[in-house]
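Trainee: Here you go, one structure.
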Amino acid sequence: MADRLQQSSPLLQEILNSLSKSVDQPQSSVSELTSFLDSVLDAALSDPDNENAETNAFQALTEVHNFISYPSLDQAIIDSISFELPMAVSKFGGVSERCLEVAESIIDRFLSLCSPRDMLSILCEALAPPIETIRDSGYVAPLLNGLSKVFLSLQRRHFEQVKVAVPIIVKVLKARSLELEDEDPKFKNLFDKAMSIANSIRAVCVKLEGGANDKLRALLGLYVLQIMALVSMNHKVSSSQPFVLQLSSFFPFCGLTYLGVITGSVVDIISRTVVGEDEDDYMSNLSDVKHGASLSVIWGHASDEVVRAAEEDLASVRNELKNNQTKRWQAVGMLKHILAPVTLPWELKKHAINFLLCVTDGNISHYDEHDDFSSYMSSIFAALQAVQMVIMYASDTVLRKNAFEAFKRILADIPTSQRFDILKALITKSDSSSMIAILLDIVKGEMHKESRHRLGNDEVLQAEYKSHPHTVLWTPNVLALVEMILRPPEGGPPSFPEDSDAVLSALNLYRFVLITESTGKTNYTGAVSRSNLQKAYNEWLLPLRTVVTALMAENKNDCDISLDAFCTLNPIELVLYRCIELVEDQLKRHSA
């Protein structure tokens with residue numbers, strides 16, 4: 001065997017010769033071999049521009065490959081080194097392309113010599129060390145390549161064994177994909193390996209029948225959706241789309257449909273098929289599946305080519321969502337998985353907003369006071385919060401405008417009886433004064449619409465009013481909203497200029513309520529009752545006047561105060577004094 005070894009490394013030759021003779025106790029020689037390879041690797045990675053170090057790494061791998069390829073090598077030695085060597089040689093995957101090829105060849109050789117079940121365990125264990133201990137993303141490529149081949153060699157319990165491997169694969173893919181730039185060749189190589197895994201699982205499915213086939217197809221569906229999410233995160237659309245096309249082609253095979261994934265119904269079905277009733281923790285390993293489900297449809301909305309790859313009819317899906325309010329709510333809830341994450345590109349968020357506008361456009365079906373809405377309330381609320389993020393942080397003016405339109409349409413799609421609760425929760429949870437102002441303006445608009453329905457002469461408005469009683473929005477809850485802004489729960493008056501937008505909007509809302517209630521001789525909100533008038537006067541308006549007056553005086557005396565500050569406070573002062581006048585007038589009427 002010594003004649004077969006290269007002469008480039010006498011030390012390596014000595015270790016391999018010793019290993020070939022250590023049939024009974026090879027562990028010491030195996031440790032020496034892995035230590036030697038680690039030292040060669042350190043030299044190559046510490047100085048990437050050193051061609052000699054790369055050559056030494058390549059030659060060392062070549063010698064190892066020649067060693068395990070020797071026909072007379074004892075199987076006991078092969079088995080002993082198979083536990084350590086796949087991890088050791090995979091670390092060379094990031095040194096150079098030719099080192100990667102030899103590392104993959106070494107693992108392929110083990111696959112041909114060892115039990116597939118043992119190799120599956122060995123490769124998964126090699127992928128499982130703490131992510132921070134892996135110095136280069138090229139490390140995972142040979143191991144993923146090996147897994148894609150070992151799946152095909154499994155003889156029994158295919159579903160169970162692949163099920164164990166998939167979360168390990170996904171964890172590594174997620175960690176590595178987020179650190180790679182689109183232009184890095186390793187990005188394409190990584191997802192090429194991910195696609196090889198998917199193709200191998202599909203090939204195994206074809207060989208199986210019955211329940212095992214159904215379960216493995218469902219697991220493949222989850223894997224495809226997870227990879228759909230990973231390839232879309234932190235990467236340009238142009239870089240991701242080739243992989244999205246490949247992933248979309250799995251949809252018919254896995255039983256995935258656009259309507260099923262955008263509503264989440266198919267995701268729930270295949271999840272239950274894979275994990276059963278007692279393994280909910282398993283899905284925590286596939287935490288981006290719903291992101292991938294919603295992304296798959298939005299990719300189709302952005303590209304007809306993707307729709308063709310999935311063999312789908314997107315127009316019929318959009319029409320179904322327009323005509324079915326429950327499914328539309330489900331779809332809105334799923335789209336939060338695109339609009340909320342900061343890791344997804346704005347271009348995909350733009351397509352998601354456009355999709356929302358499509359399915360809420362025109363004459364869509366409504367079933368107001370819907371009995372089922374309570375089960376969707378939390379997901380709709382989260383979706384609205386995600387749309388808020390687009391409104392506030394998108395740099396594209398058109399996208400912000402479209403997001404606001406989508407926001408209003410989602411609100412309009414909520415049954416009237418729950419709409420105020422949603423708005424109140426959004427206001428309570430928001431830490432943006434500008435967004436709170438927008439939400440309060442929406443509340444005022446809804447109240448104005450109800451008052452028109454109540455007081456107008458139009459028969460259509462009157463008919464609509466009968467199905468939307470005034471008690472939905474015209475209640476004391478509105479005053480509680482105003483108080484939350486003008487007298488914050490943490491105590492003291494609002495802060496300026498931080499709360500300026502919200503304060504101005506709250507004052508406008510309060511003024512609108514006072515004028516409408518007094519003009520209509522009503523008191524639905526309790527705003528014109530003596531006790532509430534005195535509370536507003538003494539606890540909201542007068543303390544606020546003290547603060548605003550002081551700031552305005554300071555502004556006039558300090559030339560360094562900006563014009564913006566004056567322009568911000570001036571409208572607040574005007575509306576504040578108008579509210580004080582209205583309250584004083586109402587109090588005089590009570591005293592008369």
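Labels for the structure tokens follow display order: chains A, B, ..., residues from 1 in each chain, ligands from 1.
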Skipping near chain neighbours, those fewer than 6 positions away, what residues fall within 8 Å of A:Thr475 using only C-alpha atoms, listed as a list in words?
Mentor: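 In the requested form, the answer reads Tyr524, Thr525 and Gly526 of chain A.
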Trainee: Just want the 8 Å neighbourhood of A:Gln330, counted on only C-alpha atoms, with same-chain residues fewer than 3 positions away dropped. Output as number ranges by chain.
Mentor: A: 262-264, 326-327, 333-334, 376
Trainee: Quick one: pull the distance between atom CA of A:Ser239 and atom CA of A:Gly221, Å, one decimal.
Mentor: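 According to the coordinates, atom CA of A:Ser239 and atom CA of A:Gly221 are separated by 22.3 Å.
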Trainee: Can you check which parts of stretch 170-261 of chain A lie within 12 Å of stretch 99-111 of chain A? Per residue, the shortest pair of atoms and distance in Å to one decimal, counting only C-alpha atoms, sorted by chain and number, as a tab-separated table.
Mentor:
```
residue	atom	partner	partner_atom	distance
A:Lys186	CA	A:Leu100	CA	11.2
A:Asn189	CA	A:Leu100	CA	10.9
A:Lys193	CA	A:Glu104	CA	11.8
```
Trainee: With N, CA and C atoms retained, could you export that selection as an mmCIF file, in the first residue's frame?
Mentor:
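Final file, result.cif:
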```cif
data_model
loop_
_atom_site.group_PDB
_atom_site.id
_atom_site.type_symbol
_atom_site.label_atom_id
_atom_site.label_comp_id
_atom_site.auth_asym_id
_atom_site.auth_seq_id
_atom_site.Cartn_x
_atom_site.Cartn_y
_atom_site.Cartn_z
ATOM 1 N N LYS A 186 -20.713 30.194 -3.455
ATOM 2 C CA LYS A 186 -21.157 29.237 -2.441
ATOM 3 C C LYS A 186 -22.665 29.339 -2.197
ATOM 4 N N ASN A 189 -24.086 27.098 -4.820
ATOM 5 C CA ASN A 189 -23.704 25.724 -4.504
ATOM 6 C C ASN A 189 -24.524 25.180 -3.335
ATOM 7 N N LYS A 193 -27.272 22.039 -3.519
ATOM 8 C CA LYS A 193 -27.283 20.860 -2.645
ATOM 9 C C LYS A 193 -28.653 20.697 -2.001
#
```
Trainee: Residues of stretch 339-536 of chain A in alpha helix (DSSP H) according to DSSP, as number ranges by chain?
Mentor: A: 339, 346-359, 377-393, 397-412, 416-429, 433-455, 459-467, 477-486, 500-519, 530-535
Trainee: Just the residues within 12 Å of A:Tyr577, please, counting only C-alpha atoms, with nothing from its chain fewer than 4 positions along; format it as a ChimeraX atom specification.
Mentor: /A:504,507-508,511,537,541-542,544-546,548-549,570-573,581-584
Trainee: For those residues, write N, CA, C and O atoms to a file as a compact mmCIF listing (two decimals), in the first residue's frame.
Mentor:
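Output file part-v5.txt follows:
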```txt
# COMPACT_ATOMS: atom_id res chain seq x y z
N LEU A 504 -52.57 65.84 18.41
CA LEU A 504 -53.39 66.62 17.48
C LEU A 504 -54.57 65.80 16.98
O LEU A 504 -55.71 66.28 16.92
N LEU A 507 -57.16 65.32 19.78
CA LEU A 507 -57.94 66.55 19.99
C LEU A 507 -58.98 66.73 18.88
O LEU A 507 -60.13 67.12 19.15
N ASN A 508 -58.58 66.44 17.65
CA ASN A 508 -59.54 66.54 16.54
C ASN A 508 -60.68 65.54 16.71
O ASN A 508 -61.84 65.85 16.39
N ARG A 511 -62.95 66.87 19.48
CA ARG A 511 -63.73 68.00 18.98
C ARG A 511 -64.88 67.51 18.10
O ARG A 511 -66.02 67.98 18.21
N TYR A 537 -62.10 68.57 31.02
CA TYR A 537 -61.63 69.94 31.22
C TYR A 537 -60.47 69.99 32.22
O TYR A 537 -59.43 70.60 31.95
N LEU A 541 -57.55 68.74 29.29
CA LEU A 541 -57.34 69.96 28.49
C LEU A 541 -56.53 71.02 29.23
O LEU A 541 -55.59 71.60 28.65
N LEU A 542 -56.86 71.30 30.47
CA LEU A 542 -56.11 72.34 31.19
C LEU A 542 -54.64 71.96 31.41
O LEU A 542 -53.76 72.80 31.18
N LEU A 544 -52.88 70.09 29.55
CA LEU A 544 -52.27 70.15 28.23
C LEU A 544 -52.04 71.61 27.83
O LEU A 544 -51.01 71.95 27.23
N ARG A 545 -53.01 72.47 28.15
CA ARG A 545 -52.84 73.90 27.84
C ARG A 545 -51.62 74.47 28.56
O ARG A 545 -50.87 75.28 27.97
N THR A 546 -51.41 74.07 29.79
CA THR A 546 -50.25 74.56 30.55
C THR A 546 -48.94 74.21 29.84
O THR A 546 -48.04 75.05 29.69
N VAL A 548 -48.49 73.28 26.58
CA VAL A 548 -48.40 73.88 25.25
C VAL A 548 -48.10 75.37 25.34
O VAL A 548 -47.27 75.91 24.59
N THR A 549 -48.74 76.04 26.28
CA THR A 549 -48.50 77.49 26.45
C THR A 549 -47.05 77.75 26.83
O THR A 549 -46.41 78.69 26.31
N ASN A 570 -48.35 74.91 16.83
CA ASN A 570 -49.39 75.88 16.51
C ASN A 570 -50.75 75.23 16.24
O ASN A 570 -51.76 75.65 16.83
N PRO A 571 -50.84 74.19 15.36
CA PRO A 571 -52.17 73.58 15.16
C PRO A 571 -52.70 72.90 16.41
O PRO A 571 -53.92 72.89 16.63
N ILE A 572 -51.81 72.34 17.22
CA ILE A 572 -52.26 71.73 18.48
C ILE A 572 -52.90 72.79 19.37
O ILE A 572 -53.97 72.58 19.96
N GLU A 573 -52.26 73.96 19.45
CA GLU A 573 -52.79 75.05 20.28
C GLU A 573 -54.16 75.49 19.79
O GLU A 573 -55.09 75.70 20.59
N GLU A 581 -63.15 75.73 24.47
CA GLU A 581 -64.34 76.56 24.27
C GLU A 581 -65.60 75.71 24.22
O GLU A 581 -66.63 76.05 24.81
N LEU A 582 -65.53 74.57 23.50
CA LEU A 582 -66.70 73.70 23.37
C LEU A 582 -67.10 73.12 24.72
O LEU A 582 -68.29 73.04 25.07
N VAL A 583 -66.12 72.69 25.51
CA VAL A 583 -66.41 72.13 26.82
C VAL A 583 -67.00 73.20 27.74
O VAL A 583 -67.99 72.94 28.46
N GLU A 584 -66.41 74.37 27.74
CA GLU A 584 -66.93 75.45 28.59
C GLU A 584 -68.36 75.80 28.20
O GLU A 584 -69.21 76.06 29.08
```
Trainee: Would you mind telling me which residue in A:Lys588, A:Lys21, A:Arg328, A:Arg409 lies nearest to A:Ser379 when using only C-alpha atoms?
Mentor: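 Ranking A:Lys588, A:Lys21, A:Arg328, A:Arg409 by distance to A:Ser379, first place goes to A:Arg328.
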Trainee: Using only C-alpha atoms, find the one residue out of A:Val172, A:Cys114, A:Leu247, A:Ala165 that sits nearest to A:Gly138.
Mentor: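 Looking at the shortest contact to A:Gly138, the residue is A:Val172.
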Trainee: Just the residues within 12 Å of A:Leu473, please, counting only C-alpha atoms, with nothing from its chain fewer than 6 positions along; format it as a ChimeraX atom specification.
Mentor: /A:416-424,442-451,479,481,513,524-525
Trainee: If you count only C-alpha atoms, which residues fall within 7 Å of A:Pro493, apart from same-chain ones fewer than 4 positions away, as a ChimeraX atom specification?
Mentor: /A:486-488,543-544
Trainee: Residues within 10 Å of A:Gly292, please, as a PyMOL selection string. Count only C-alpha atoms; anything in the same chain fewer than 2 positions from it doesn't count.
Mentor: chain A and resi 222-232+261-262+287-290+294-299+337-338
